[in-house]
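Enquirer: File follows, final_35.tsv with TSV, C-alpha atoms:
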```tsv
chain	number	residue	atom	x	y	z
S	670	MET	CA	-2.98	-1.56	8.31
S	671	PRO	CA	-0.71	0.59	10.45
S	672	ASN	CA	1.00	3.36	8.54
S	673	VAL	CA	4.46	1.82	8.64
S	674	THR	CA	6.94	2.95	6.05
S	675	LEU	CA	9.40	0.41	4.71
S	676	SER	CA	13.07	1.23	5.04
S	677	LYS	CA	15.12	1.66	1.86
S	678	LYS	CA	16.66	-1.77	2.50
S	679	GLN	CA	13.22	-3.39	2.91
S	680	ARG	CA	11.98	-1.77	-0.32
S	681	GLU	CA	15.06	-3.03	-2.18
S	682	GLU	CA	14.64	-6.54	-0.71
S	683	ILE	CA	10.98	-6.87	-1.67
S	684	LEU	CA	11.59	-5.48	-5.17
S	685	SER	CA	14.48	-7.91	-5.63
S	686	ALA	CA	12.37	-10.88	-4.47
S	687	LEU	CA	9.44	-9.85	-6.67
S	688	LYS	CA	11.66	-9.36	-9.71
S	689	ALA	CA	13.36	-12.74	-9.27
S	690	ARG	CA	9.98	-14.48	-8.89
S	691	PHE	CA	8.59	-12.54	-11.87
S	692	GLU	CA	11.48	-13.73	-14.06
S	693	GLN	CA	11.35	-17.33	-12.79
S	694	ASN	CA	7.60	-17.73	-13.36
S	695	LYS	CA	6.87	-16.02	-16.67
S	696	ASN	CA	3.98	-18.45	-17.31
S	697	ARG	CA	2.00	-16.60	-14.60
S	698	HIS	CA	2.11	-13.25	-16.38
S	699	LYS	CA	2.74	-13.65	-20.10
S	700	GLY	CA	3.23	-10.39	-21.95
S	701	LEU	CA	3.80	-8.24	-18.87
S	702	ASP	CA	6.86	-6.03	-18.51
S	703	TRP	CA	8.81	-5.89	-15.23
S	704	ALA	CA	10.00	-2.29	-15.74
S	705	GLN	CA	6.42	-0.98	-15.98
S	706	LEU	CA	5.40	-2.98	-12.94
S	707	GLN	CA	8.41	-1.80	-10.93
S	708	THR	CA	7.59	1.84	-11.73
S	709	LYS	CA	4.04	1.31	-10.47
S	710	LEU	CA	5.28	-0.44	-7.32
S	711	GLU	CA	7.82	2.25	-6.48
S	712	ALA	CA	5.06	4.88	-6.72
S	713	ASN	CA	2.86	3.14	-4.14
S	714	ALA	CA	4.39	2.77	-0.67
S	715	GLU	CA	1.22	1.32	0.87
S	716	LYS	CA	1.03	-1.51	-1.68
S	717	MET	CA	4.76	-2.16	-1.26
S	718	ARG	CA	4.13	-2.57	2.47
S	719	SER	CA	1.34	-5.08	1.75
S	720	LEU	CA	3.60	-7.05	-0.61
S	721	HIS	CA	6.34	-6.99	2.03
S	722	GLU	CA	3.88	-8.48	4.54
S	723	MET	CA	2.79	-11.12	2.03
S	724	GLU	CA	6.46	-12.05	1.54
S	725	ARG	CA	7.33	-11.89	5.25
S	726	THR	CA	4.54	-14.34	6.12
S	727	GLY	CA	5.59	-16.84	3.45
S	728	GLY	CA	3.13	-16.03	0.67
S	729	GLU	CA	5.64	-15.60	-2.16
S	730	PRO	CA	3.48	-13.01	-3.97
S	731	ASP	CA	3.66	-12.89	-7.74
S	732	VAL	CA	1.82	-11.11	-10.54
S	733	VAL	CA	-0.95	-13.27	-11.99
S	734	GLY	CA	-2.72	-10.71	-14.14
S	735	HIS	CA	-3.20	-7.17	-15.38
S	736	ASP	CA	-6.55	-5.38	-15.40
S	737	LYS	CA	-6.50	-3.42	-18.63
S	738	LYS	CA	-9.51	-1.28	-17.58
S	739	THR	CA	-7.95	-0.01	-14.33
S	740	GLY	CA	-4.27	-0.51	-15.22
S	741	GLU	CA	-3.82	-2.47	-11.98
S	742	TYR	CA	-1.52	-5.45	-11.64
S	743	ILE	CA	-2.97	-8.38	-9.71
S	744	PHE	CA	-0.84	-10.27	-7.19
S	745	TYR	CA	-1.72	-13.58	-5.50
S	746	ASP	CA	0.17	-15.58	-2.91
S	747	CYS	CA	1.95	-18.22	-4.99
S	748	SER	CA	3.73	-20.26	-2.32
S	749	ALA	CA	3.47	-24.00	-2.94
S	750	GLU	CA	1.60	-24.48	0.34
S	751	SER	CA	-0.60	-22.14	2.35
S	752	PRO	CA	1.67	-19.38	3.76
S	753	LYS	CA	3.37	-20.61	6.95
S	754	GLY	CA	3.04	-17.30	8.74
S	755	ARG	CA	-0.75	-17.30	8.25
S	756	ARG	CA	-1.83	-20.73	9.47
S	757	SER	CA	-3.75	-21.85	12.56
S	758	LEU	CA	-6.28	-19.05	12.20
S	759	CYS	CA	-10.05	-19.28	12.42
S	760	TYR	CA	-12.06	-17.52	9.70
S	761	ASP	CA	-13.12	-14.14	11.16
S	762	ARG	CA	-13.51	-12.02	14.31
S	763	ALA	CA	-17.00	-13.36	15.09
S	764	ALA	CA	-15.64	-16.92	14.97
S	765	LEU	CA	-12.69	-15.98	17.19
S	766	ASP	CA	-14.98	-14.28	19.71
S	767	ALA	CA	-17.31	-17.30	19.73
S	768	ARG	CA	-14.57	-19.67	20.87
S	769	LYS	CA	-14.69	-20.15	24.61
S	770	GLU	CA	-11.42	-22.08	24.94
S	771	ALA	CA	-8.39	-23.08	22.89
S	772	LYS	CA	-8.62	-19.86	20.88
S	773	PRO	CA	-6.29	-19.43	17.92
S	774	ARG	CA	-3.94	-16.46	17.99
S	775	ASP	CA	-6.02	-14.54	15.41
S	776	ASN	CA	-8.37	-14.85	12.45
S	777	ALA	CA	-7.82	-14.82	8.69
S	778	MET	CA	-10.06	-11.85	7.83
S	779	ASP	CA	-8.46	-9.49	10.38
S	780	VAL	CA	-4.92	-10.56	9.50
S	781	ALA	CA	-5.64	-9.99	5.79
S	782	ALA	CA	-7.14	-6.55	6.52
S	783	ALA	CA	-4.12	-5.60	8.64
S	784	MET	CA	-1.87	-6.60	5.73
S	785	GLY	CA	-3.95	-4.58	3.26
S	786	ILE	CA	-4.92	-7.65	1.20
S	787	GLU	CA	-8.08	-9.65	0.46
S	788	LEU	CA	-8.65	-13.38	0.88
S	789	LEU	CA	-8.88	-15.14	-2.46
S	790	THR	CA	-12.38	-16.00	-3.57
S	791	GLU	CA	-13.15	-19.55	-4.68
S	792	GLU	CA	-13.00	-18.33	-8.30
S	793	GLN	CA	-9.59	-16.69	-7.77
S	794	TYR	CA	-8.34	-19.82	-6.01
S	795	ARG	CA	-9.33	-21.91	-9.04
S	796	GLU	CA	-7.58	-19.38	-11.34
S	797	LEU	CA	-4.42	-19.73	-9.25
S	798	GLN	CA	-4.55	-23.52	-9.56
S	799	LYS	CA	-4.41	-23.19	-13.36
S	800	LEU	CA	-0.90	-21.70	-12.92
S	801	GLY	CA	0.51	-24.62	-10.92
S	802	ASN	CA	-0.19	-27.11	-8.15
S	803	PHE	CA	-0.85	-25.33	-4.86
S	804	ASP	CA	-1.94	-26.62	-1.44
S	805	ALA	CA	-1.15	-30.30	-2.05
S	806	LYS	CA	-0.50	-30.75	1.69
S	807	THR	CA	-2.28	-27.73	3.18
S	808	SER	CA	-5.56	-25.89	2.69
S	809	SER	CA	-6.55	-22.23	2.50
S	810	TRP	CA	-9.59	-20.31	3.74
S	811	VAL	CA	-11.37	-18.49	0.90
S	812	LYS	CA	-13.79	-15.58	1.02
S	813	THR	CA	-17.08	-17.08	2.12
S	814	PRO	CA	-20.48	-15.96	0.81
S	815	SER	CA	-22.51	-14.15	3.49
S	816	ASN	CA	-25.38	-16.66	3.40
S	817	ILE	CA	-22.98	-19.48	4.39
S	818	ARG	CA	-21.22	-17.34	6.97
S	819	LYS	CA	-24.53	-16.28	8.60
S	820	LEU	CA	-25.19	-19.96	9.28
S	821	GLY	CA	-21.81	-20.37	11.02
S	822	GLY	CA	-19.83	-21.87	8.16
S	823	ALA	CA	-16.80	-20.87	6.15
S	824	LEU	CA	-15.18	-22.27	3.00
S	825	PHE	CA	-11.67	-23.51	2.34
S	826	CYS	CA	-9.96	-25.10	-0.65
S	827	ASP	CA	-7.08	-27.40	-1.46
S	828	ARG	CA	-5.75	-29.57	-4.28
S	829	ARG	CA	-5.82	-33.34	-3.97
S	830	PHE	CA	-5.86	-36.09	-6.61
S	831	ASP	CA	-5.09	-33.46	-9.27
S	832	THR	CA	-8.43	-31.79	-8.48
S	833	VAL	CA	-9.32	-28.54	-6.69
S	834	PHE	CA	-11.80	-29.12	-3.88
S	835	VAL	CA	-13.90	-26.63	-1.95
S	836	TYR	CA	-15.07	-27.66	1.51
S	837	HIS	CA	-16.92	-26.20	4.46
S	838	ASN	CA	-16.12	-26.06	8.14
S	839	GLY	CA	-17.31	-24.15	11.16
S	840	ALA	CA	-15.79	-20.67	10.91
S	841	GLU	CA	-14.33	-21.03	14.40
S	842	SER	CA	-12.24	-24.07	13.41
S	843	TYR	CA	-8.51	-23.78	12.88
S	844	TYR	CA	-5.77	-26.20	11.91
S	845	ALA	CA	-1.99	-26.15	11.69
S	846	ALA	CA	-2.20	-26.97	7.97
S	847	ARG	CA	-4.86	-24.35	7.08
S	848	GLY	CA	-4.02	-20.73	6.36
S	849	PHE	CA	-5.17	-18.28	3.75
S	850	ARG	CA	-3.96	-16.89	0.45
S	851	GLY	CA	-4.38	-13.24	-0.42
S	852	SER	CA	-4.75	-11.00	-3.42
S	853	LEU	CA	-3.60	-7.44	-3.96
S	854	ARG	CA	-4.21	-4.96	-6.77
S	855	VAL	CA	-1.45	-2.44	-7.48
```
Rewrite the structure from the file as structure tokens, please.

Expert:
Amino acid sequence: MPNVTLSKKQREEILSALKARFEQNKNRHKGLDWAQLQTKLEANAEKMRSLHEMERTGGEPDVVGHDKKTGEYIFYDCSAESPKGRRSLCYDRAALDARKEAKPRDNAMDVAAAMGIELLTEEQYRELQKLGNFDAKTSSWVKTPSNIRKLGGALFCDRRFDTVFVYHNGAESYYAARGFRGSLRV
């Protein structure tokens, strides 16, 4: 991710959005204290930049856990649908390079790396779905195991019929209703 420092106004805006979301969705992070989290955020400009990018692209990041071993807070994109600013992307650079025509503008893995975040794994995606109903109209690429990717495939998930489904597609495919959700440890 480019070393871009947020302005004071941008830092205040992202902290305000995160705090409001934190207070509105206490079920996602029971027992966690905003003041401790804010202190940690303010001490890490790079992670603030990543959270700003998650917010800017429509991810609505929120805290979904706290790793007691490392002391890190775990953020996931919690927007109701796959983030609008991260849709119509194929899975990775190899898939993008393999397309001969009608190429998407970019790929999920590179966009995530540029933002300083990771794609959710299938397990993380299922954890997120325990906190609410996400991707009822859209779908999200998830981190694909290398054995599947080597064969040209990639995985995506969504929620239909009150059930979380995992599917496969060619990694070079892209759709207006498919994006990706990210995670970040702070």

Enquirer: List as CSV every residue of region 810-830 of chain S that is in contact with region 762-780 of chain S, defined as an atom at most 10 Å from one of its atoms (using all atoms listed in the file), together with the nearest atom pair and the distance in Å rounded to one decimal, sorted by chain and then rising number.

Expert:
```
residue,atom,partner,partner_atom,distance
S:Trp810,CA,S:Ala777,CA,7.6
S:Val811,CA,S:Ala777,CA,9.3
S:Lys812,CA,S:Met778,CA,8.6
S:Arg818,CA,S:Ala764,CA,9.8
S:Gly821,CA,S:Ala764,CA,8.1
S:Gly822,CA,S:Ala764,CA,9.4
S:Ala823,CA,S:Ala764,CA,9.7
```

Enquirer: Would you please work out which residue, of S:Glu724, S:Glu796, S:Asp702, S:Glu715, is nearest to Ser748 (chain S) when using all atoms listed in the file?

Expert: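 Of the candidates, the smallest distance to Ser748 (chain S) is held by S:Glu724.
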
Enquirer: Rounded to one decimal place, report the CA of Gln707 (chain S)-CA of Leu684 (chain S) distance in Å.

Expert: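 Here the two named atoms are 7.5 Å from each other.
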
Enquirer: Go through S:Thr726, S:Ser751, S:Gln705, S:Asn696 and flag the residue nearest Lys799 (chain S), using only C-alpha atoms for the distances.

Expert: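 Smallest distance to Lys799 (chain S) is found for S:Asn696.
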
Enquirer: My list of candidates is S:Met784, S:Leu706, S:Leu758, S:Val833. Which is closest to Phe849 (chain S) when distances are computed with only C-alpha atoms?

Expert: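 For Phe849 (chain S), the nearest of the given residues is S:Leu758.
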
Enquirer: Find the distance between CA of Asn802 (chain S) and CA of Lys709 (chain S) and write it in Å to one decimal.

Expert: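 We find that CA of Asn802 (chain S) and CA of Lys709 (chain S) lie 28.8 Å from each other.
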
Enquirer: By how many Å are CA of Glu750 (chain S) and CA of Glu729 (chain S) apart?

Expert: 10.1 Å

Enquirer: Using all atoms listed in the file, which of the listed residues (S:Cys747, S:Arg718, S:Thr739, S:Ser815) sits closest to Ala783 (chain S)?

Expert: S:Arg718

Enquirer: From the set S:Ser757, S:Ser685, S:Gln798, S:Thr674, which residue has the shortest atom-to-atom contact distance to Asp831 (chain S), counting only C-alpha atoms?

Expert: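 Ranked by minimum distance to Asp831 (chain S), first place goes to S:Gln798.
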
Enquirer: Please provide the set of residues having any atom within 12 Å of Thr813 (chain S), restricted to only C-alpha atoms, with same-chain residues fewer than 5 positions apart removed, written as a list in words.

Expert: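 Counting only the stated atoms, we get Tyr760, Asp761, Ala777, Met778, Glu787, Leu788, Leu789, Thr790, Glu791, Glu792, Arg818, Lys819, Leu820, Gly821, Gly822, Ala823, Leu824, Phe825, Cys826, Val835, Tyr836, His837, Asn838, Gly839 and Ala840 of chain S.
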
Enquirer: Pick the closest to Ala749 (chain S) from S:Ala704, S:Leu797, S:Leu675, S:Ala805: which is it, counting only C-alpha atoms?

Expert: S:Ala805

Enquirer: Select all residues near (-1.2, -10.1, -7.8) (cut-off 8 Å, inclusive, file coordinates), counting all atoms listed in the file, and output them as a ChimeraX atom specification.

Expert: /S:730-734,742-746,852-855
